[in-house]
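Next comes data-v2.txt, with compact mmCIF, C-alpha atoms.
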# COMPACT_ATOMS: atom_id res chain seq x y z
CA MET A 1249 -63.27 26.84 -3.17
CA ALA A 1250 -62.22 24.56 -0.32
CA LYS A 1251 -61.01 21.98 -2.85
CA ALA A 1252 -58.87 24.55 -4.65
CA SER A 1253 -57.41 25.75 -1.36
CA SER A 1254 -56.52 22.17 -0.39
CA LEU A 1255 -54.88 21.58 -3.75
CA ARG A 1256 -52.83 24.75 -3.42
CA SER A 1257 -51.59 23.77 0.04
CA TRP A 1258 -50.54 20.33 -1.18
CA LEU A 1259 -48.74 21.72 -4.20
CA ALA A 1260 -46.99 24.43 -2.20
CA ALA A 1261 -45.61 21.81 0.15
CA GLY A 1262 -44.38 19.74 -2.76
CA ALA A 1263 -42.48 22.66 -4.20
CA LEU A 1264 -40.02 22.62 -1.35
CA ALA A 1265 -38.16 19.64 -2.80
CA LEU A 1266 -36.30 21.75 -5.32
CA ALA A 1267 -35.51 24.45 -2.80
CA VAL A 1268 -34.02 21.94 -0.41
CA ALA A 1269 -32.05 20.26 -3.16
CA GLY A 1270 -30.49 23.50 -4.19
CA CYS A 1271 -29.02 24.55 -0.91
CA GLN A 1272 -25.69 23.10 -1.74
CA SER A 1273 -22.44 23.66 0.03
CA LEU A 1274 -19.19 24.92 -1.45
CA GLY A 1275 -18.80 21.75 -3.43
CA ASN A 1276 -18.12 19.08 -0.87
CA ASN A 1277 -20.94 18.99 1.63
CA GLY A 1278 -24.24 19.54 -0.18
CA LEU A 1279 -27.24 17.71 1.20
CA SER A 1280 -28.42 16.61 -2.22
CA ASN A 1281 -30.04 13.45 -0.86
CA ILE A 1282 -32.36 15.08 1.67
CA SER A 1283 -36.07 15.54 0.95
CA VAL A 1284 -35.67 15.10 -2.79
CA ASP A 1285 -38.12 12.89 -4.68
CA PRO A 1286 -36.07 11.12 -7.40
CA ASP A 1287 -39.09 11.25 -9.72
CA THR A 1288 -39.58 15.00 -9.33
CA GLY A 1289 -38.10 15.81 -12.73
CA SER A 1290 -39.39 12.78 -14.63
CA GLU A 1291 -41.30 13.20 -17.87
CA ALA A 1292 -44.29 11.41 -16.39
CA ASN A 1293 -44.34 13.68 -13.35
CA ILE A 1294 -44.09 16.83 -15.47
CA GLY A 1295 -46.92 15.52 -17.64
CA SER A 1296 -49.14 14.96 -14.61
CA LEU A 1297 -48.33 18.44 -13.29
CA THR A 1298 -49.24 19.93 -16.66
CA SER A 1299 -52.63 18.22 -16.34
CA VAL A 1300 -53.04 19.82 -12.92
CA ILE A 1301 -52.28 23.24 -14.43
CA GLU A 1302 -54.81 22.66 -17.21
CA ARG A 1303 -57.45 22.02 -14.57
CA ASN A 1304 -56.28 24.93 -12.38
CA PRO A 1305 -54.81 27.57 -14.74
CA ARG A 1306 -55.07 30.35 -12.16
CA ASP A 1307 -53.33 28.48 -9.33
CA PRO A 1308 -49.78 29.81 -8.79
CA ALA A 1309 -48.84 26.80 -6.66
CA ALA A 1310 -49.43 24.48 -9.61
CA TYR A 1311 -46.95 26.43 -11.75
CA ASN A 1312 -44.53 26.54 -8.83
CA VAL A 1313 -44.47 22.77 -8.49
CA ARG A 1314 -44.09 22.17 -12.21
CA GLY A 1315 -41.30 24.73 -12.22
CA ALA A 1316 -39.60 22.74 -9.46
CA ALA A 1317 -39.90 19.60 -11.58
CA TYR A 1318 -38.42 21.39 -14.59
CA GLY A 1319 -35.59 22.62 -12.41
CA LYS A 1320 -34.90 19.11 -11.13
CA ALA A 1321 -34.77 17.96 -14.77
CA GLY A 1322 -32.28 20.71 -15.63
CA GLU A 1323 -34.75 22.61 -17.82
CA TYR A 1324 -34.02 25.96 -16.24
CA LYS A 1325 -35.69 28.15 -18.88
CA ARG A 1326 -39.01 26.34 -18.49
CA ALA A 1327 -38.62 26.41 -14.72
CA LEU A 1328 -38.16 30.18 -14.75
CA ASP A 1329 -41.17 30.59 -17.02
CA ASP A 1330 -43.34 28.68 -14.55
CA PHE A 1331 -42.05 30.58 -11.53
CA ASN A 1332 -42.62 33.87 -13.35
CA THR A 1333 -46.19 32.83 -14.11
CA ALA A 1334 -46.76 31.85 -10.48
CA LEU A 1335 -45.57 35.26 -9.35
CA GLN A 1336 -47.72 37.05 -11.91
CA LEU A 1337 -50.70 35.25 -10.43
CA ASP A 1338 -49.59 35.88 -6.83
CA PRO A 1339 -46.83 38.49 -6.33
CA ASN A 1340 -46.53 37.46 -2.68
CA PHE A 1341 -46.00 33.73 -3.21
CA ALA A 1342 -42.77 33.16 -1.27
CA PRO A 1343 -42.02 29.58 -2.46
CA ALA A 1344 -41.94 30.73 -6.09
CA TYR A 1345 -39.46 33.50 -5.25
CA ALA A 1346 -37.25 31.03 -3.40
CA ASN A 1347 -37.40 28.42 -6.15
CA ARG A 1348 -36.70 31.06 -8.81
CA GLY A 1349 -33.78 32.20 -6.68
CA LEU A 1350 -32.42 28.67 -6.68
CA ILE A 1351 -32.59 28.46 -10.47
CA HIS A 1352 -30.79 31.79 -10.77
CA ARG A 1353 -28.10 30.47 -8.43
CA LEU A 1354 -27.70 27.26 -10.42
CA ARG A 1355 -27.31 29.38 -13.55
CA GLY A 1356 -24.65 31.50 -11.87
CA ASP A 1357 -26.85 34.59 -11.49
CA THR A 1358 -25.93 35.18 -7.86
CA GLN A 1359 -27.32 38.70 -7.54
CA GLU A 1360 -30.66 37.69 -9.04
CA ALA A 1361 -30.75 34.71 -6.67
CA PHE A 1362 -30.01 36.94 -3.69
CA ASN A 1363 -32.75 39.35 -4.74
CA ASP A 1364 -35.32 36.57 -5.04
CA TYR A 1365 -34.46 35.02 -1.68
CA SER A 1366 -34.82 38.48 -0.12
CA ARG A 1367 -38.18 38.94 -1.87
CA ALA A 1368 -39.33 35.59 -0.52
CA ILE A 1369 -38.42 36.69 3.01
CA GLN A 1370 -40.19 40.00 2.49
CA ALA A 1371 -43.30 38.19 1.25
CA ASP A 1372 -43.20 35.70 4.14
CA PRO A 1373 -40.78 36.47 7.00
CA ASN A 1374 -41.48 33.00 8.40
CA TYR A 1375 -40.38 31.09 5.27
CA ALA A 1376 -37.34 29.21 6.53
CA THR A 1377 -36.25 27.86 3.14
CA ALA A 1378 -35.55 31.37 1.85
CA TYR A 1379 -33.25 32.11 4.79
CA VAL A 1380 -31.27 28.95 4.03
CA GLY A 1381 -30.93 29.95 0.38
CA ARG A 1382 -29.86 33.50 1.10
CA GLY A 1383 -27.56 32.34 3.89
CA THR A 1384 -25.81 30.05 1.42
CA ILE A 1385 -25.11 32.99 -0.87
CA TYR A 1386 -23.74 34.97 2.07
CA ARG A 1387 -21.58 32.00 3.06
CA GLN A 1388 -20.20 31.50 -0.41
CA GLN A 1389 -19.32 35.20 -0.51
CA GLY A 1390 -17.47 34.91 2.81
CA ARG A 1391 -20.04 37.06 4.63
CA LEU A 1392 -20.21 34.65 7.51
CA SER A 1393 -21.95 36.83 10.10
CA GLU A 1394 -24.84 37.46 7.71
CA ALA A 1395 -24.90 33.78 6.77
CA LEU A 1396 -25.08 32.69 10.40
CA SER A 1397 -27.84 35.20 11.06
CA ASP A 1398 -29.93 33.75 8.23
CA TYR A 1399 -29.23 30.16 9.26
CA SER A 1400 -30.18 31.00 12.84
CA SER A 1401 -33.49 32.35 11.56
CA ALA A 1402 -34.00 29.20 9.51
CA VAL A 1403 -33.42 26.76 12.37
CA ARG A 1404 -35.59 28.87 14.68
CA LEU A 1405 -38.44 28.83 12.16
CA ASP A 1406 -38.01 25.17 11.22
CA PRO A 1407 -36.02 23.17 13.79
CA THR A 1408 -36.73 19.97 11.84
CA ASP A 1409 -34.79 20.98 8.70
CA PRO A 1410 -31.47 19.10 8.46
CA GLN A 1411 -30.36 21.31 5.56
CA ALA A 1412 -30.50 24.42 7.72
CA PHE A 1413 -28.40 22.84 10.47
CA HIS A 1414 -25.93 21.43 7.96
CA ASN A 1415 -25.39 24.81 6.32
CA GLN A 1416 -25.14 26.44 9.73
CA GLY A 1417 -22.39 23.94 10.51
CA LEU A 1418 -20.55 24.89 7.33
CA ALA A 1419 -20.70 28.57 8.26
CA TYR A 1420 -19.45 27.93 11.79
CA GLN A 1421 -16.71 25.76 10.32
CA ALA A 1422 -15.64 28.48 7.89
CA SER A 1423 -15.50 30.97 10.76
CA GLY A 1424 -13.26 28.65 12.79
CA ASN A 1425 -15.85 27.83 15.45
CA HIS A 1426 -15.55 24.07 15.25
CA THR A 1427 -17.31 23.37 18.54
CA ALA A 1428 -20.46 25.08 17.26
CA ALA A 1429 -20.00 23.45 13.85
CA ILE A 1430 -19.89 19.99 15.41
CA GLU A 1431 -23.08 20.74 17.32
CA SER A 1432 -24.88 21.86 14.15
CA PHE A 1433 -23.69 18.87 12.12
CA THR A 1434 -24.79 16.56 14.94
CA LYS A 1435 -28.28 18.03 14.80
CA ALA A 1436 -28.34 17.56 11.03
CA ILE A 1437 -27.30 13.92 11.48
CA GLY A 1438 -30.03 13.36 14.05
CA LEU A 1439 -32.62 14.71 11.61
CA SER A 1440 -31.26 12.91 8.54
CA PRO A 1441 -29.10 9.97 9.64
CA LEU A 1442 -28.84 8.46 6.16
CA ALA A 1443 -27.15 11.51 4.62
CA SER A 1444 -23.41 11.31 4.05
CA GLU A 1445 -22.58 15.01 4.01
CA PRO A 1446 -23.15 15.94 7.68
CA PHE A 1447 -20.83 13.12 8.76
CA ASN A 1448 -18.22 14.41 6.35
CA GLY A 1449 -18.64 17.97 7.60
CA ARG A 1450 -18.47 16.97 11.25
CA GLY A 1451 -15.41 14.85 10.57
CA GLN A 1452 -13.66 17.85 9.05
CA SER A 1453 -14.26 19.86 12.21
CA TYR A 1454 -13.00 17.01 14.38
CA MET A 1455 -9.87 16.94 12.19
CA ALA A 1456 -9.45 20.68 12.72
CA ILE A 1457 -9.41 20.28 16.51
CA GLY A 1458 -7.04 17.30 16.36
CA ASP A 1459 -9.51 14.55 17.25
CA PHE A 1460 -8.45 12.27 14.40
CA LYS A 1461 -10.02 9.06 15.74
CA THR A 1462 -13.49 10.60 16.02
CA ALA A 1463 -12.98 12.22 12.64
CA LEU A 1464 -12.18 8.83 11.14
CA ASP A 1465 -15.35 7.38 12.63
CA ASP A 1466 -17.35 10.10 10.89
CA PHE A 1467 -15.60 9.66 7.55
CA ASP A 1468 -16.23 5.91 7.80
CA GLU A 1469 -19.93 6.67 8.20
CA ALA A 1470 -19.80 9.14 5.30
CA VAL A 1471 -18.36 6.61 2.84
CA LYS A 1472 -20.82 3.95 4.01
CA ARG A 1473 -23.63 6.27 2.96
CA ASP A 1474 -22.05 7.47 -0.26
CA ARG A 1475 -19.51 5.10 -1.78
CA ASN A 1476 -18.96 7.54 -4.66
CA SER A 1477 -17.91 10.54 -2.58
CA TYR A 1478 -14.28 11.14 -3.49
CA ILE A 1479 -14.25 13.93 -0.90
CA ALA A 1480 -15.21 11.55 1.91
CA TRP A 1481 -12.68 8.93 0.76
CA THR A 1482 -9.97 11.60 0.67
CA ASN A 1483 -10.89 12.80 4.14
CA GLN A 1484 -10.85 9.22 5.39
CA GLY A 1485 -7.35 8.94 3.96
CA LEU A 1486 -6.28 12.13 5.73
CA ALA A 1487 -7.56 10.84 9.08
CA LEU A 1488 -5.85 7.49 8.62
CA GLU A 1489 -2.63 9.26 7.64
CA ALA A 1490 -2.84 11.44 10.75
CA LEU A 1491 -3.29 8.30 12.84
CA GLY A 1492 -0.20 6.75 11.24
CA ASP A 1493 -1.90 4.05 9.16
CA ARG A 1494 -0.25 4.86 5.84
CA LYS A 1495 -1.29 1.66 4.07
CA LYS A 1496 -4.99 2.14 4.69
CA ALA A 1497 -4.62 5.84 4.00
CA PHE A 1498 -3.12 5.06 0.59
CA ASN A 1499 -6.05 2.78 -0.21
CA SER A 1500 -8.53 5.53 0.65
CA PHE A 1501 -6.67 8.10 -1.42
CA ALA A 1502 -6.51 5.61 -4.29
CA ARG A 1503 -10.25 5.03 -4.12
CA ALA A 1504 -10.85 8.77 -4.20
CA SER A 1505 -8.48 9.19 -7.12
CA THR A 1506 -10.28 6.42 -9.03
CA LEU A 1507 -13.57 8.24 -8.53
CA ASN A 1508 -12.07 11.58 -9.56
CA PRO A 1509 -8.65 11.29 -11.22
CA ARG A 1510 -8.29 15.08 -11.32
CA TYR A 1511 -8.79 15.62 -7.59
CA GLN A 1512 -5.41 16.89 -6.48
CA PRO A 1513 -5.68 16.26 -2.69
CA ALA A 1514 -6.27 12.56 -3.37
CA LYS A 1515 -3.31 12.39 -5.76
CA GLU A 1516 -1.07 14.19 -3.29
CA GLY A 1517 -2.22 11.84 -0.51
CA MET A 1518 -1.32 8.83 -2.62
CA HIS A 1519 2.13 10.29 -3.24
CA ARG A 1520 2.72 10.94 0.48
CA THR A 1521 1.59 7.50 1.63
CA SER A 1522 2.99 5.39 -1.20
CA SER A 1523 5.42 2.68 -0.06
CA THR A 1524 7.57 3.13 -3.16
When written as structure tokens, how does the structure in this file appear?
Amino acid sequence: MAKASSLRSWLAAGALALAVAGCQSLGNNGLSNISVDPDTGSEANIGSLTSVIERNPRDPAAYNVRGAAYGKAGEYKRALDDFNTALQLDPNFAPAYANRGLIHRLRGDTQEAFNDYSRAIQADPNYATAYVGRGTIYRQQGRLSEALSDYSSAVRLDPTDPQAFHNQGLAYQASGNHTAAIESFTKAIGLSPLASEPFNGRGQSYMAIGDFKTALDDFDEAVKRDRNSYIAWTNQGLALEALGDRKKAFNSFARASTLNPRYQPAKEGMHRTSST
């Protein structure tokens, strides 16, 4: 019995990778690189998790982790099947509700996602990941006070989660409280200094308050960490343009446009800063 309990604890911890990966922003600041094992959705990993399930067919945590791997691999139907099985075995297993909520959100089923995050919180009021997930839905719906309430709960319950602070920063930013946003992004950076997105988010708030030099420093850090972020390159161009360096601004906009030729802000920036 002790061995089964230990296995369940290990698997439950592993399931958080998908939940963290799914707490994306509104398209330009998702922390997709934080706490995500790149092999989570690999065929070999799914095969090994299936072997675990065969040895422990009544363990909901085993299904939860394999469901997370299926979700990482984009196999949403199989992921939902595994989360449903986990919840049949344990109707109070909060991680499975949260992970199922993430899959619903990725599939565009926002109400189902909201319901599952709320069920996860009901099953375990101390499960920080569920507050981040539900807060993200609130934020995307423009319900910023509810979003900030959920993010506040998340950072109180888990003050080591950079995703929670990052999303809190996005909500403060959307509400116009850039001082608080900068503080939240700074905490996210301290917890995950290799992530590009918090630098990009903080730079946007510095731009909003007119501190273009500090904003540029943050955008420089963002593109160092993610050379393929057309958003960060565009923001770097905007900061350079605001500082009067049109030539360098044009180069940044051009890099962004190369990465995403359909991104209109980059194209418009190139037009404004072109020497011809």
Kindly provide the residues of segment 1419-1477 of chain A that approach segment 1378-1401 of chain A to within 10 Å, each paired with its closest atom pair and their distance in Å to one decimal, based on only C-alpha atoms, listed by chain and increasing number, as CSV.
residue,atom,partner,partner_atom,distance
A:Ala1419,CA,A:Leu1392,CA,6.1
A:Tyr1420,CA,A:Leu1396,CA,7.5
A:Gln1421,CA,A:Leu1392,CA,10.0
A:Ala1422,CA,A:Leu1392,CA,7.7
A:Ser1423,CA,A:Leu1392,CA,6.8
Using Å and a single decimal, report how far atom CA of Pro1410 of chain A sits from atom CA of Asp1468 of chain A.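 Separation of atom CA of Asp1468 of chain A and atom CA of Pro1410 of chain A: 20.2 Å.
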Contacts of Asn1374 of chain A within 10 Å, only C-alpha atoms, excl. fewer than 5 positions in-chain, as a short mmCIF file (atom, residue, chain, number, x, y, z; two decimals) with C-alpha atoms, in the frame of the given file:
data_model
loop_
_atom_site.label_atom_id
_atom_site.label_comp_id
_atom_site.auth_asym_id
_atom_site.auth_seq_id
_atom_site.Cartn_x
_atom_site.Cartn_y
_atom_site.Cartn_z
CA ALA A 1342 -42.77 33.16 -1.27
CA ALA A 1368 -39.33 35.59 -0.52
CA ILE A 1369 -38.42 36.69 3.01
CA TYR A 1379 -33.25 32.11 4.79
CA SER A 1401 -33.49 32.35 11.56
CA ALA A 1402 -34.00 29.20 9.51
CA ARG A 1404 -35.59 28.87 14.68
CA LEU A 1405 -38.44 28.83 12.16
CA ASP A 1406 -38.01 25.17 11.22
#
Under the rule that only C-alpha atoms are counted, which of A:Trp1481, A:Tyr1311, A:Tyr1454, A:Phe1447 is the nearest residue to Ala1428 of chain A?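 The closest residue to Ala1428 of chain A is A:Tyr1454.
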Find the residue from A:Lys1515, A:Ala1316, A:Ala1346, A:Tyr1375 that sits nearest to Ala1361 of chain A; use only C-alpha atoms when measuring. A:Ala1346
Interatomic distance between atom CA of Pro1446 of chain A and atom CA of Phe1433 of chain A? 5.3 Å
Among listed residues A:Thr1462, A:Asn1347, A:Thr1377, A:Gln1411, nearest Ala1443 of chain A (using all atoms listed in the file):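 Checking each of A:Thr1462, A:Asn1347, A:Thr1377, A:Gln1411 against Ala1443 of chain A, counting all atoms listed in the file, the winner is A:Gln1411.
Closest approach to Thr1298 of chain A from the set A:Gly1438, A:Gly1315, A:Gly1417, A:Pro1343 is made by A:Gly1315, with distances taken over all atoms listed in the file.
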Correct to one decimal, the distance atom CA of Ala1456 of chain A-atom CA of Phe1501 of chain A is 19.1 Å
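All residues of protein, DNA or RNA that reach within 9 Å of Asp1330 of chain A, judged by only C-alpha atoms and not counting those fewer than 3 positions away in the chain, are Pro1308, Ala1310, Tyr1311, Asn1312, Val1313, Arg1314, Gly1315, Ala1316, Tyr1318, Lys1325, Arg1326, Ala1327, Thr1333, Ala1334, Leu1335 and Ala1344 of chain A.
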